[in-house]
Structures are given as C-alpha cells and as structure tokens.
Amino acid sequence: MTEEYILQAENLVKHFPITKGAIRKKVVGAVSAVNDVNLAVRPNETLGLVGESGCGKSTAGRTILKLIQPTAGKIIYNGRDITGLSRHDMVPLRRELQMIFQDPYSSLNPRHTVGAIISAPYEVQGINPPGGVKNAVRETMERVGLNPEHYNRYPNEFSGGQRQRIGIARAVTLRPKVIVCDEPVSALDVSIQAQVINLLQDLQDEFGIAYVFVAHDLSVVRQISHRVAVMYLGSIVEITDRKSLYASPLHPYTHALMSAVPVPDPRVEATRERIVLRGDLPSPINLPSGCVFHTRCFRAEERCRVEVPKLVEFSPGHQVACHFPITEHLGSDLIVGPDAGFTEQPTPEVQPPSEVIADMESAGSSRPMGADYVADGDFTDKDY
Amino acid sequence: MTDAYVRVDDLRVAFPTEDGTVRAVDGVTFSVDRGQTLAIVGESGSGKSVTSQALMGLVNARNAQVSGHAWVGDNELISASDDQLRKLRGSVMSMIFQDPFASLHPFYRIGDQLGEAVRVHNKLSKDEARKRVIDMLERVGIPNPERRVDDYPHQLSGGMRQRVMIAMALINGPALLIADEPTTALDVTVQAQIMELLAELQKQYNTAIILITHDLGVVADVADEVAVMYAGRLVERGSLEDIFYSPQMPYTVGLLSSVPRLDAVTERLTPIAGQPPSLINLPPGCVFEPRCNAAHLVGGDRCQTERPELLTITPTHSVRCHLEMAQREQFATESLAAALGVPGDES
C-alpha cells in the first residue's frame, strides 16, 4: 500500500531548541512544533491540514518538503527515503516538490520581473524546455490566467489575487508532482479566493498534482480537500476523508472547531449551537500531560490527563486520537449539507489485527466496541 | 431621515493624490439604533474602514476631504472640532481595531492604559479608576483581573488582548461601538468567544454596534442590518433576511455565491470575475458594471454610462442597480441556485 502514496511522512518530529547564553548556546528547552505526525498524500489528491495558529501545520508542511530538517522521523518520496539527503542532493527533487506561500506580497522579489520570477526554476534546475524558457513561461502564465504580455512587469503592478497567480505559476511551471500550499488564499478577498481555489483544482485535474493544503479555514479546506487532517498542538488528532470528517467528526476538538465557524446563512446560524472552548492554546514548550487537548476539552476525564491517546483507526480510513471519541449525535451543532463535488477516493480496507481485539477484550476496556471499531495498536503507515 | 440614534447621511471621503482623487467613500447613508448591530460588508478597498475612521474623526483633515453628516445622538461628528471629538471618543463612541497586537502600547501596563481611558472622561482618583478597570476586566472574561491588571500587553494572548481592547472601548459605556474586523486576526475558536462576549456586553450597555467585516459567516451570526459596500459606494442595504435571502444587487449575489461554506460543498466555486476597479479611475456608470453578469439584461448602455441611484424597495431594503425588480430577483434566484446547488442533494 506504501507505493500508492507519492509523499509520506512517518513519525515526523520537529523540535526547535531554545538556547540560553550568547556564546555557549546551552539548550534549555524545546518548542515541540510537530510531534510524531504521520501524513501521506496520493497523486491527484489534496490532503487538507487544518488547525489553529501555532498548531504546527505550517511547520509540518515545510518539514515534509525538507525546507526544515526534521528532528526525527522519515520522509519518503516516491518510495525513496529522502530524510537524510543533503541540500545538494535535494536539488533535482525540488522540481517535483514545490511550495506556494501565503503572502503574495513578501513571497515575490519586488526587484525581479514576473518573467524572471517564473523562469527562475528553469535556471536553478538548468532545464531548457523545447521552444525556450520564455515560451514555456508565457504558456504557464496564460495557463494560470495571467496576461503573457505582462512578462516584463514587476510584482507591485499586480493585485493580491494576480500576485498569488504568479506564485502559483512559479510553482507549477516545472510540472511538479507535489505542492505544499501554505494558506494560499487566506490573504485574498472572498471573490478572488474562489478564483484561486478553482485554479488550483483545475491545475490538479490537468497535471495530477498532489496538494498538501495547509489552512486554518475549514470551509476552504472542505471545498478543496479529498482527505483532511486536523492538527492540535503539534499532533494530528483526526484524519479521514472529507465526507466523514464533516459529516461525523469524532474528536471533540474537531467538533469545537467546526461549531465555531460561522455559516453565511442566518437561518442555519440561528439553529446552531456553538461549543465555545474556554481558555487559550497551551504553550508548545510545556505540552500538557496525557492528551494535549485535555486542558480545553469538554469531555476530558482523569484518563485523558495521564494517558496519551494514540491515533487509531475508528472506522475504515477514519483515524482519531481520543479516549472518548464522539459517536453520538450532539444536536444541531452538527451540520451536514450537500456534498455534490465529492469524488470518492479509494479507501483501503483495514482489518484489525485479531490479537489487538483479543487484547482489548481481555483488558476489559470500557469503551464502546462498534462493529467497525478498530482499537489501539501502534499506528503505522500501513494502517492507512 | 430616520430618528435612529446613529445616523450617517451622504458621507463622502476623498483623498487628493498626485495621480488623481481617490474617492474612498462616496455618498454613504445608513443608521443604527441602540442595541442594534449594523454590519458593513465589503472587500479590501471598498471603503468600509475609511467610513468608520471618518465617523471617529480619525481621517487626517490635511490629506482628506470629508463631507456629509453623521450624528450620534445630538452630536454632529463631521463638523465637530478636534476638542469636541476628543470628548466624544471613548465616552459616547469608541472603536476596536483589527490588530490587538498593534493597538495596545507595549510599554504601559494594561491597567494604566485602561485607567487613562477612565480618567480622561471622569473625575476619579487613581484608586477608583483602578477598581473600575478591574471590574471591567472581569466583565470581559479575563481570569484573575486583580493580578492581570498589572500585566504588560506582551504577557497576554491574542484573544486576551482583544478582550482588553473591548474593555477599553466599553469602559465608559459608549452608545456607539465601531468594531473594525475585530476577529480577523484571531483563530475561529477565539473568534467565537469574542463574538459571544460582544453580544453579551451589547445587551448590558445597550450599545449600537457598527461591525466592519468581510466574513459573511460572522455577519449571519450577529448582525441585524447589513450594508454592502463596493468601490466606496453603498450598493445594497437591508435587514439580515433581505440581504441573505433576497439579495438584489448582482455584487451581493456574487459575494454570497463565491464563499466556500462549511455546511456544503459544490463542484466548483463561483467567483466574481475580474478585479475591483481602481478608486482613482472609476468606471463612469455603475462601479460594478465591468464585473457584473447581469449588466447585459439592462437595455442600451445605461450600466456603462449612468450611475444608479440608491433605490428603496421596501422600508428596510434599498439597492443601487439599474435592473428591473423582476430581473434582479430572477438573476439572484438563478445564480444562487447554480452556486449552492439544491439543498439536500447528496450526489
């Protein structure tokens, strides 16, 4: 099953050391930005990575491209372990692994023309496409909805939406296999946001690109993703296909997050109940014991304070890290709507290892055992 | 003119520049009563923030030409002197800004910053002011206010800072609160806390709120009335129901159709084509005409040449558009159905 993923991260960990002293730089602690995260994306698939600011979603996105070296864990691209590759060895891979940034103002060099910005990947990679670089760049510009005549203009002559198109053109011009999009539309106005989302979807259909779509906006993520991973404080708390996540979220945090997003429909809004989480995000320097979410969770019990919940398969393709996942209907806060554009992604069938179930039964677990409930056991990528 | 507590009549703000005059706000009229929330919705550059700054007297008179009228109770704001405005700001009307990181002074304890807001408008001793500050911090949900009052802004999280800003804005019980994108810089779970807090305090103080936002979800959640702005103009105004369930202006329809929604997925989003116009070089006719999908329904070249007037359709609902009523409604119904799909259609 490993082969079908184009890019995989296994047990990814990223800690940023905190140092004290100017000369000795004694390490006195660490910011645990990403803790034991498993992610995988298939060709032609969009994996949404959502969470609030500080949850480590951007760090995770950058680490799987090796823009940041992971502290531990493995990154596998196309069946090949690329974790240990040097910067130099990564260069040929860069044409297949690209990134689109959030801020269309700071991610484009103001002193370079649009043509120079979009042709930079050719220069770096030493590629000479048939017909010349300039032609290839003009073609890409046209493809992303920019006027090729504007080849010699500077970024400041463009609006935010058009600048984001320049950033997209730069990322897709070498026809990459994977693009990590870090909040690509959050700086744009809604009417422009829709243009850019549509463009990203069209490019995926045309070139079969795999996207890792990092965003905080659950509505945007629902629109573009096939599968969605929800992050909280450096850990993935829930991961599944889009339909299951939005129709039946299992993790209390996913519930709270969804109920907090206002829906642009007053009559729907009037009937929704909001789970308002109290307090703020704990510091990633001192992670809470047990479940990282227990300090704000409305279902937390003693067990959550002590034992770290593992990410386990709850139903096929639906994994959650929670001791007490929400299986009952919580009332009107759950919003299920039409899911027209949903294209079913093949979800591999997973059988629970029989010894795990036997283990659970002998341990006398008090948790509900549904027919499709697969319990405990260490999570590996093969469980996907 | 209505007898609402806050009335704005034909407000215009223009900035002369070397390249031409930027008409940031052009003939905006609205009113809000105490206890009510008016949401001003628009994209960047639509003039929604400049409108609020003009009301607060925060538009620099040397760079800008401001005309029109605005009343809060009996106080006229546009012709008011700096001294008069200074007395009104913080007591009769106040404002919270988008960025709670930039709007608190980093060198002063929050208690001192809030205390100043109290003592400027009231003859109170420092101790009395401090008591009032602690009471206010408690009301906005800051834990341990007796201790937190001596914190510096950097010791608080973003959500807590926005709570401090709200405390500062409401500490003198103003009649009008202008909230300029109060939750845009915050996470959704914190946004939910802040919007809940604002609604509670609005009830306590019977405040009129002008909420400036681009988030239609937030509007649907809290507003009573909605004003839609585009390129400096108020293009549609109506009750919450009017705007969301019978939008008249093709721009409003376009906005509603282009938002991705948490409760639905469509095959493709329906964006509004093109870019907003430059405020220096506005189209001579309807400002939305270059991006409008319905302009061809109007006979001749009226949309290209003639500025539409704000037309009152019902007592609560008015729109700036050349289309006939029936055409507007048909266009809205068809566009929204195409964009959002039929509810319950699980395919």
# chains A, B, ... in the order shown; residues from 1 in each chain; ligands from 1

$ select_by_dssp --residues "segment 8-249 of chain B" --states "strand (DSSP E or B)" --output "PDB file with N, CA and C atoms, in the first residue's frame"
ATOM      1  N   VAL B   8     -25.984  58.410   9.602  1.00  0.00           N
ATOM      2  CA  VAL B   8     -24.941  58.882   8.700  1.00  0.00           C
ATOM      3  C   VAL B   8     -25.631  59.248   7.403  1.00  0.00           C
ATOM      4  N   ASP B   9     -25.373  60.466   6.919  1.00  0.00           N
ATOM      5  CA  ASP B   9     -26.078  60.938   5.745  1.00  0.00           C
ATOM      6  C   ASP B   9     -25.082  61.454   4.700  1.00  0.00           C
ATOM      7  N   ASP B  10     -25.052  60.772   3.577  1.00  0.00           N
ATOM      8  CA  ASP B  10     -24.272  61.206   2.421  1.00  0.00           C
ATOM      9  C   ASP B  10     -22.809  61.480   2.788  1.00  0.00           C
ATOM     10  N   LEU B  11     -22.207  60.549   3.490  1.00  0.00           N
ATOM     11  CA  LEU B  11     -20.808  60.707   3.885  1.00  0.00           C
ATOM     12  C   LEU B  11     -19.894  60.515   2.678  1.00  0.00           C
ATOM     13  N   ARG B  12     -18.970  61.450   2.506  1.00  0.00           N
ATOM     14  CA  ARG B  12     -18.003  61.341   1.412  1.00  0.00           C
ATOM     15  C   ARG B  12     -16.602  61.606   1.952  1.00  0.00           C
ATOM     16  N   VAL B  13     -15.665  60.756   1.574  1.00  0.00           N
ATOM     17  CA  VAL B  13     -14.263  60.982   1.931  1.00  0.00           C
ATOM     18  C   VAL B  13     -13.445  60.843   0.660  1.00  0.00           C
ATOM     19  N   ALA B  14     -12.676  61.877   0.345  1.00  0.00           N
ATOM     20  CA  ALA B  14     -11.827  61.814  -0.846  1.00  0.00           C
ATOM     21  C   ALA B  14     -10.410  62.188  -0.455  1.00  0.00           C
ATOM     22  N   PHE B  15      -9.449  61.497  -1.043  1.00  0.00           N
ATOM     23  CA  PHE B  15      -8.039  61.802  -0.801  1.00  0.00           C
ATOM     24  C   PHE B  15      -7.430  62.308  -2.099  1.00  0.00           C
ATOM     25  N   PRO B  16      -7.083  63.593  -2.185  1.00  0.00           N
ATOM     26  CA  PRO B  16      -6.424  64.056  -3.401  1.00  0.00           C
ATOM     27  C   PRO B  16      -4.988  63.523  -3.439  1.00  0.00           C
ATOM     28  N   THR B  17      -4.595  62.927  -4.553  1.00  0.00           N
ATOM     29  CA  THR B  17      -3.225  62.443  -4.698  1.00  0.00           C
ATOM     30  C   THR B  17      -2.665  63.002  -5.996  1.00  0.00           C
ATOM     31  N   GLY B  20      -4.508  61.659  -9.017  1.00  0.00           N
ATOM     32  CA  GLY B  20      -5.933  61.924  -9.132  1.00  0.00           C
ATOM     33  C   GLY B  20      -6.578  61.778  -7.777  1.00  0.00           C
ATOM     34  N   THR B  21      -7.868  62.040  -7.705  1.00  0.00           N
ATOM     35  CA  THR B  21      -8.553  61.978  -6.421  1.00  0.00           C
ATOM     36  C   THR B  21      -9.074  60.567  -6.155  1.00  0.00           C
ATOM     37  N   VAL B  22      -8.720  60.023  -4.993  1.00  0.00           N
ATOM     38  CA  VAL B  22      -9.222  58.713  -4.602  1.00  0.00           C
ATOM     39  C   VAL B  22     -10.522  58.928  -3.839  1.00  0.00           C
ATOM     40  N   ARG B  23     -11.631  58.515  -4.428  1.00  0.00           N
ATOM     41  CA  ARG B  23     -12.915  58.649  -3.735  1.00  0.00           C
ATOM     42  C   ARG B  23     -13.148  57.383  -2.918  1.00  0.00           C
ATOM     43  N   ALA B  24     -12.635  57.396  -1.700  1.00  0.00           N
ATOM     44  CA  ALA B  24     -12.666  56.185  -0.873  1.00  0.00           C
ATOM     45  C   ALA B  24     -14.076  55.889  -0.373  1.00  0.00           C
ATOM     46  N   VAL B  25     -14.813  56.951  -0.035  1.00  0.00           N
ATOM     47  CA  VAL B  25     -16.200  56.783   0.400  1.00  0.00           C
ATOM     48  C   VAL B  25     -17.011  57.799  -0.377  1.00  0.00           C
ATOM     49  N   ASP B  26     -18.084  57.343  -1.016  1.00  0.00           N
ATOM     50  CA  ASP B  26     -18.803  58.217  -1.922  1.00  0.00           C
ATOM     51  C   ASP B  26     -20.305  58.116  -1.678  1.00  0.00           C
ATOM     52  N   GLY B  27     -20.823  58.984  -0.837  1.00  0.00           N
ATOM     53  CA  GLY B  27     -22.263  59.040  -0.633  1.00  0.00           C
ATOM     54  C   GLY B  27     -22.816  57.864   0.146  1.00  0.00           C
ATOM     55  N   VAL B  28     -22.313  57.670   1.368  1.00  0.00           N
ATOM     56  CA  VAL B  28     -22.790  56.548   2.181  1.00  0.00           C
ATOM     57  C   VAL B  28     -23.807  57.044   3.207  1.00  0.00           C
ATOM     58  N   THR B  29     -24.963  56.381   3.257  1.00  0.00           N
ATOM     59  CA  THR B  29     -26.044  56.760   4.159  1.00  0.00           C
ATOM     60  C   THR B  29     -26.514  55.514   4.901  1.00  0.00           C
ATOM     61  N   PHE B  30     -26.550  55.598   6.219  1.00  0.00           N
ATOM     62  CA  PHE B  30     -27.133  54.487   6.977  1.00  0.00           C
ATOM     63  C   PHE B  30     -27.492  54.955   8.374  1.00  0.00           C
ATOM     64  N   SER B  31     -28.148  54.116   9.129  1.00  0.00           N
ATOM     65  CA  SER B  31     -28.466  54.451  10.513  1.00  0.00           C
ATOM     66  C   SER B  31     -28.470  53.176  11.357  1.00  0.00           C
ATOM     67  N   VAL B  32     -28.181  53.340  12.628  1.00  0.00           N
ATOM     68  CA  VAL B  32     -28.197  52.216  13.570  1.00  0.00           C
ATOM     69  C   VAL B  32     -28.835  52.694  14.858  1.00  0.00           C
ATOM     70  N   THR B  37     -27.104  45.926  15.727  1.00  0.00           N
ATOM     71  CA  THR B  37     -25.807  45.764  15.074  1.00  0.00           C
ATOM     72  C   THR B  37     -25.962  45.948  13.577  1.00  0.00           C
ATOM     73  N   LEU B  38     -25.208  46.876  13.035  1.00  0.00           N
ATOM     74  CA  LEU B  38     -25.151  47.044  11.584  1.00  0.00           C
ATOM     75  C   LEU B  38     -23.820  46.480  11.117  1.00  0.00           C
ATOM     76  N   ALA B  39     -23.868  45.568  10.156  1.00  0.00           N
ATOM     77  CA  ALA B  39     -22.626  45.052   9.599  1.00  0.00           C
ATOM     78  C   ALA B  39     -22.347  45.756   8.285  1.00  0.00           C
ATOM     79  N   ILE B  40     -21.141  46.287   8.157  1.00  0.00           N
ATOM     80  CA  ILE B  40     -20.732  46.839   6.868  1.00  0.00           C
ATOM     81  C   ILE B  40     -19.813  45.806   6.228  1.00  0.00           C
ATOM     82  N   VAL B  41     -20.241  45.296   5.074  1.00  0.00           N
ATOM     83  CA  VAL B  41     -19.534  44.208   4.417  1.00  0.00           C
ATOM     84  C   VAL B  41     -18.895  44.728   3.140  1.00  0.00           C
ATOM     85  N   GLN B  65     -10.636  65.092   2.130  1.00  0.00           N
ATOM     86  CA  GLN B  65     -11.805  65.955   2.115  1.00  0.00           C
ATOM     87  C   GLN B  65     -12.980  65.123   2.594  1.00  0.00           C
ATOM     88  N   VAL B  66     -13.545  65.526   3.733  1.00  0.00           N
ATOM     89  CA  VAL B  66     -14.672  64.793   4.295  1.00  0.00           C
ATOM     90  C   VAL B  66     -15.899  65.680   4.211  1.00  0.00           C
ATOM     91  N   SER B  67     -16.997  65.151   3.689  1.00  0.00           N
ATOM     92  CA  SER B  67     -18.235  65.922   3.689  1.00  0.00           C
ATOM     93  C   SER B  67     -19.399  65.013   4.042  1.00  0.00           C
ATOM     94  N   GLY B  68     -20.574  65.616   4.243  1.00  0.00           N
ATOM     95  CA  GLY B  68     -21.741  64.856   4.665  1.00  0.00           C
ATOM     96  C   GLY B  68     -22.020  65.101   6.133  1.00  0.00           C
ATOM     97  N   HIS B  69     -22.908  64.297   6.699  1.00  0.00           N
ATOM     98  CA  HIS B  69     -23.275  64.467   8.100  1.00  0.00           C
ATOM     99  C   HIS B  69     -23.287  63.137   8.806  1.00  0.00           C
ATOM    100  N   ALA B  70     -22.988  63.166  10.085  1.00  0.00           N
ATOM    101  CA  ALA B  70     -23.122  61.966  10.902  1.00  0.00           C
ATOM    102  C   ALA B  70     -23.489  62.418  12.303  1.00  0.00           C
ATOM    103  N   TRP B  71     -24.524  61.809  12.846  1.00  0.00           N
ATOM    104  CA  TRP B  71     -24.928  62.142  14.208  1.00  0.00           C
ATOM    105  C   TRP B  71     -24.858  60.910  15.095  1.00  0.00           C
ATOM    106  N   VAL B  72     -24.354  61.115  16.306  1.00  0.00           N
ATOM    107  CA  VAL B  72     -24.527  60.107  17.349  1.00  0.00           C
ATOM    108  C   VAL B  72     -25.329  60.814  18.424  1.00  0.00           C
ATOM    109  N   ASN B  75     -25.018  64.719  18.740  1.00  0.00           N
ATOM    110  CA  ASN B  75     -23.694  65.211  18.395  1.00  0.00           C
ATOM    111  C   ASN B  75     -23.426  65.024  16.912  1.00  0.00           C
ATOM    112  N   GLU B  76     -23.143  66.129  16.230  1.00  0.00           N
ATOM    113  CA  GLU B  76     -22.768  66.037  14.828  1.00  0.00           C
ATOM    114  C   GLU B  76     -21.266  65.819  14.783  1.00  0.00           C
ATOM    115  N   ARG B  89     -14.979  60.760  21.803  1.00  0.00           N
ATOM    116  CA  ARG B  89     -14.269  59.484  21.622  1.00  0.00           C
ATOM    117  C   ARG B  89     -13.985  58.849  22.970  1.00  0.00           C
ATOM    118  N   MET B  93     -18.688  57.387  21.860  1.00  0.00           N
ATOM    119  CA  MET B  93     -18.422  56.391  20.822  1.00  0.00           C
ATOM    120  C   MET B  93     -16.997  55.891  20.981  1.00  0.00           C
ATOM    121  N   SER B  94     -16.793  54.623  20.649  1.00  0.00           N
ATOM    122  CA  SER B  94     -15.431  54.109  20.717  1.00  0.00           C
ATOM    123  C   SER B  94     -15.255  53.035  19.663  1.00  0.00           C
ATOM    124  N   MET B  95     -14.024  52.580  19.551  1.00  0.00           N
ATOM    125  CA  MET B  95     -13.705  51.723  18.415  1.00  0.00           C
ATOM    126  C   MET B  95     -12.751  50.616  18.846  1.00  0.00           C
ATOM    127  N   ILE B  96     -12.943  49.419  18.298  1.00  0.00           N
ATOM    128  CA  ILE B  96     -11.917  48.384  18.442  1.00  0.00           C
ATOM    129  C   ILE B  96     -11.361  48.047  17.071  1.00  0.00           C
ATOM    130  N   LEU B 176     -22.160  54.096  21.033  1.00  0.00           N
ATOM    131  CA  LEU B 176     -21.806  53.522  19.735  1.00  0.00           C
ATOM    132  C   LEU B 176     -20.441  52.854  19.818  1.00  0.00           C
ATOM    133  N   LEU B 177     -20.382  51.620  19.362  1.00  0.00           N
ATOM    134  CA  LEU B 177     -19.107  50.917  19.286  1.00  0.00           C
ATOM    135  C   LEU B 177     -18.850  50.550  17.833  1.00  0.00           C
ATOM    136  N   ILE B 178     -17.711  50.978  17.306  1.00  0.00           N
ATOM    137  CA  ILE B 178     -17.344  50.579  15.956  1.00  0.00           C
ATOM    138  C   ILE B 178     -16.297  49.488  16.072  1.00  0.00           C
ATOM    139  N   ALA B 179     -16.596  48.327  15.524  1.00  0.00           N
ATOM    140  CA  ALA B 179     -15.665  47.200  15.593  1.00  0.00           C
ATOM    141  C   ALA B 179     -15.162  46.930  14.185  1.00  0.00           C
ATOM    142  N   ASP B 180     -13.895  47.268  13.949  1.00  0.00           N
ATOM    143  CA  ASP B 180     -13.328  47.138  12.604  1.00  0.00           C
ATOM    144  C   ASP B 180     -12.603  45.803  12.507  1.00  0.00           C
ATOM    145  N   ALA B 208     -25.087  50.580  20.332  1.00  0.00           N
ATOM    146  CA  ALA B 208     -25.225  50.387  18.884  1.00  0.00           C
ATOM    147  C   ALA B 208     -23.862  49.936  18.376  1.00  0.00           C
ATOM    148  N   ILE B 209     -23.834  48.860  17.586  1.00  0.00           N
ATOM    149  CA  ILE B 209     -22.546  48.378  17.085  1.00  0.00           C
ATOM    150  C   ILE B 209     -22.502  48.505  15.573  1.00  0.00           C
ATOM    151  N   ILE B 210     -21.438  49.088  15.069  1.00  0.00           N
ATOM    152  CA  ILE B 210     -21.167  49.024  13.634  1.00  0.00           C
ATOM    153  C   ILE B 210     -20.031  48.032  13.473  1.00  0.00           C
ATOM    154  N   LEU B 211     -20.344  46.905  12.861  1.00  0.00           N
ATOM    155  CA  LEU B 211     -19.357  45.838  12.718  1.00  0.00           C
ATOM    156  C   LEU B 211     -18.846  45.837  11.292  1.00  0.00           C
ATOM    157  N   ILE B 212     -17.557  46.050  11.146  1.00  0.00           N
ATOM    158  CA  ILE B 212     -16.977  46.071   9.810  1.00  0.00           C
ATOM    159  C   ILE B 212     -16.289  44.748   9.572  1.00  0.00           C
ATOM    160  N   THR B 213     -16.655  44.054   8.523  1.00  0.00           N
ATOM    161  CA  THR B 213     -16.105  42.722   8.329  1.00  0.00           C
ATOM    162  C   THR B 213     -16.192  42.318   6.870  1.00  0.00           C
ATOM    163  N   GLU B 225     -28.756  44.371  10.713  1.00  0.00           N
ATOM    164  CA  GLU B 225     -28.846  45.012   9.415  1.00  0.00           C
ATOM    165  C   GLU B 225     -27.516  44.894   8.711  1.00  0.00           C
ATOM    166  N   VAL B 226     -27.541  44.929   7.386  1.00  0.00           N
ATOM    167  CA  VAL B 226     -26.316  44.774   6.623  1.00  0.00           C
ATOM    168  C   VAL B 226     -26.218  45.875   5.578  1.00  0.00           C
ATOM    169  N   ALA B 227     -25.044  46.466   5.445  1.00  0.00           N
ATOM    170  CA  ALA B 227     -24.780  47.399   4.364  1.00  0.00           C
ATOM    171  C   ALA B 227     -23.638  46.814   3.543  1.00  0.00           C
ATOM    172  N   VAL B 228     -23.838  46.675   2.250  1.00  0.00           N
ATOM    173  CA  VAL B 228     -22.807  46.111   1.382  1.00  0.00           C
ATOM    174  C   VAL B 228     -22.127  47.264   0.644  1.00  0.00           C
ATOM    175  N   MET B 229     -20.806  47.329   0.746  1.00  0.00           N
ATOM    176  CA  MET B 229     -20.076  48.396   0.061  1.00  0.00           C
ATOM    177  C   MET B 229     -19.224  47.822  -1.057  1.00  0.00           C
ATOM    178  N   TYR B 230     -19.115  48.603  -2.122  1.00  0.00           N
ATOM    179  CA  TYR B 230     -18.243  48.215  -3.227  1.00  0.00           C
ATOM    180  C   TYR B 230     -17.655  49.485  -3.816  1.00  0.00           C
ATOM    181  N   ARG B 233     -18.850  52.818  -2.528  1.00  0.00           N
ATOM    182  CA  ARG B 233     -20.289  53.096  -2.546  1.00  0.00           C
ATOM    183  C   ARG B 233     -21.044  52.048  -1.771  1.00  0.00           C
ATOM    184  N   LEU B 234     -22.166  52.523  -1.191  1.00  0.00           N
ATOM    185  CA  LEU B 234     -23.066  51.589  -0.569  1.00  0.00           C
ATOM    186  C   LEU B 234     -23.940  51.044  -1.691  1.00  0.00           C
ATOM    187  N   VAL B 235     -23.818  49.776  -2.019  1.00  0.00           N
ATOM    188  CA  VAL B 235     -24.551  49.252  -3.167  1.00  0.00           C
ATOM    189  C   VAL B 235     -25.836  48.543  -2.756  1.00  0.00           C
ATOM    190  N   GLU B 236     -25.919  48.094  -1.517  1.00  0.00           N
ATOM    191  CA  GLU B 236     -27.166  47.486  -1.057  1.00  0.00           C
ATOM    192  C   GLU B 236     -27.225  47.571   0.451  1.00  0.00           C
ATOM    193  N   ARG B 237     -28.442  47.782   0.963  1.00  0.00           N
ATOM    194  CA  ARG B 237     -28.620  47.874   2.404  1.00  0.00           C
ATOM    195  C   ARG B 237     -29.929  47.196   2.756  1.00  0.00           C
ATOM    196  N   GLY B 238     -29.946  46.399   3.778  1.00  0.00           N
ATOM    197  CA  GLY B 238     -31.201  45.748   4.128  1.00  0.00           C
ATOM    198  C   GLY B 238     -31.083  45.003   5.432  1.00  0.00           C
ATOM    199  N   SER B 239     -32.187  44.409   5.866  1.00  0.00           N
ATOM    200  CA  SER B 239     -32.151  43.588   7.069  1.00  0.00           C
ATOM    201  C   SER B 239     -31.357  42.325   6.755  1.00  0.00           C
TER     202      SER B 239
END

$ interface_residues --of "chain B" --to "chain A" --cutoff "7 Å" --atoms "only C-alpha atoms" --output "MDAnalysis selection string"
chainID B and resid 43:44 187:189 192:193 216:218 220:221 244 255 258:272 343:347

$ residues_around --residues "Pro284 of chain A" --least-positions-apart "5" --cutoff "7 Å" --atoms "only C-alpha atoms" --output "PyMOL selection string"
chain A and resi 31-33+233

$ atom_distance --atom1 "atom CA of Gly208 of chain A" --atom2 "atom CA of Pro176 of chain A"
9.2 Å

$ residues_around --residues "Ala171 of chain A" --least-positions-apart "6" --cutoff "8 Å" --atoms "only C-alpha atoms" --output "ChimeraX atom specification"
/A:98-100,179

$ write_last_selection --atoms "C-alpha atoms" --output "mmCIF file, in the first residue's frame"
data_model
loop_
_atom_site.group_PDB
_atom_site.id
_atom_site.type_symbol
_atom_site.label_atom_id
_atom_site.label_comp_id
_atom_site.auth_asym_id
_atom_site.auth_seq_id
_atom_site.Cartn_x
_atom_site.Cartn_y
_atom_site.Cartn_z
ATOM 1 C CA GLN A 98 7.144 22.708 -4.796
ATOM 2 C CA MET A 99 5.540 25.198 -2.463
ATOM 3 C CA ILE A 100 3.005 28.027 -2.668
ATOM 4 C CA ILE A 179 2.875 21.083 -3.999
#
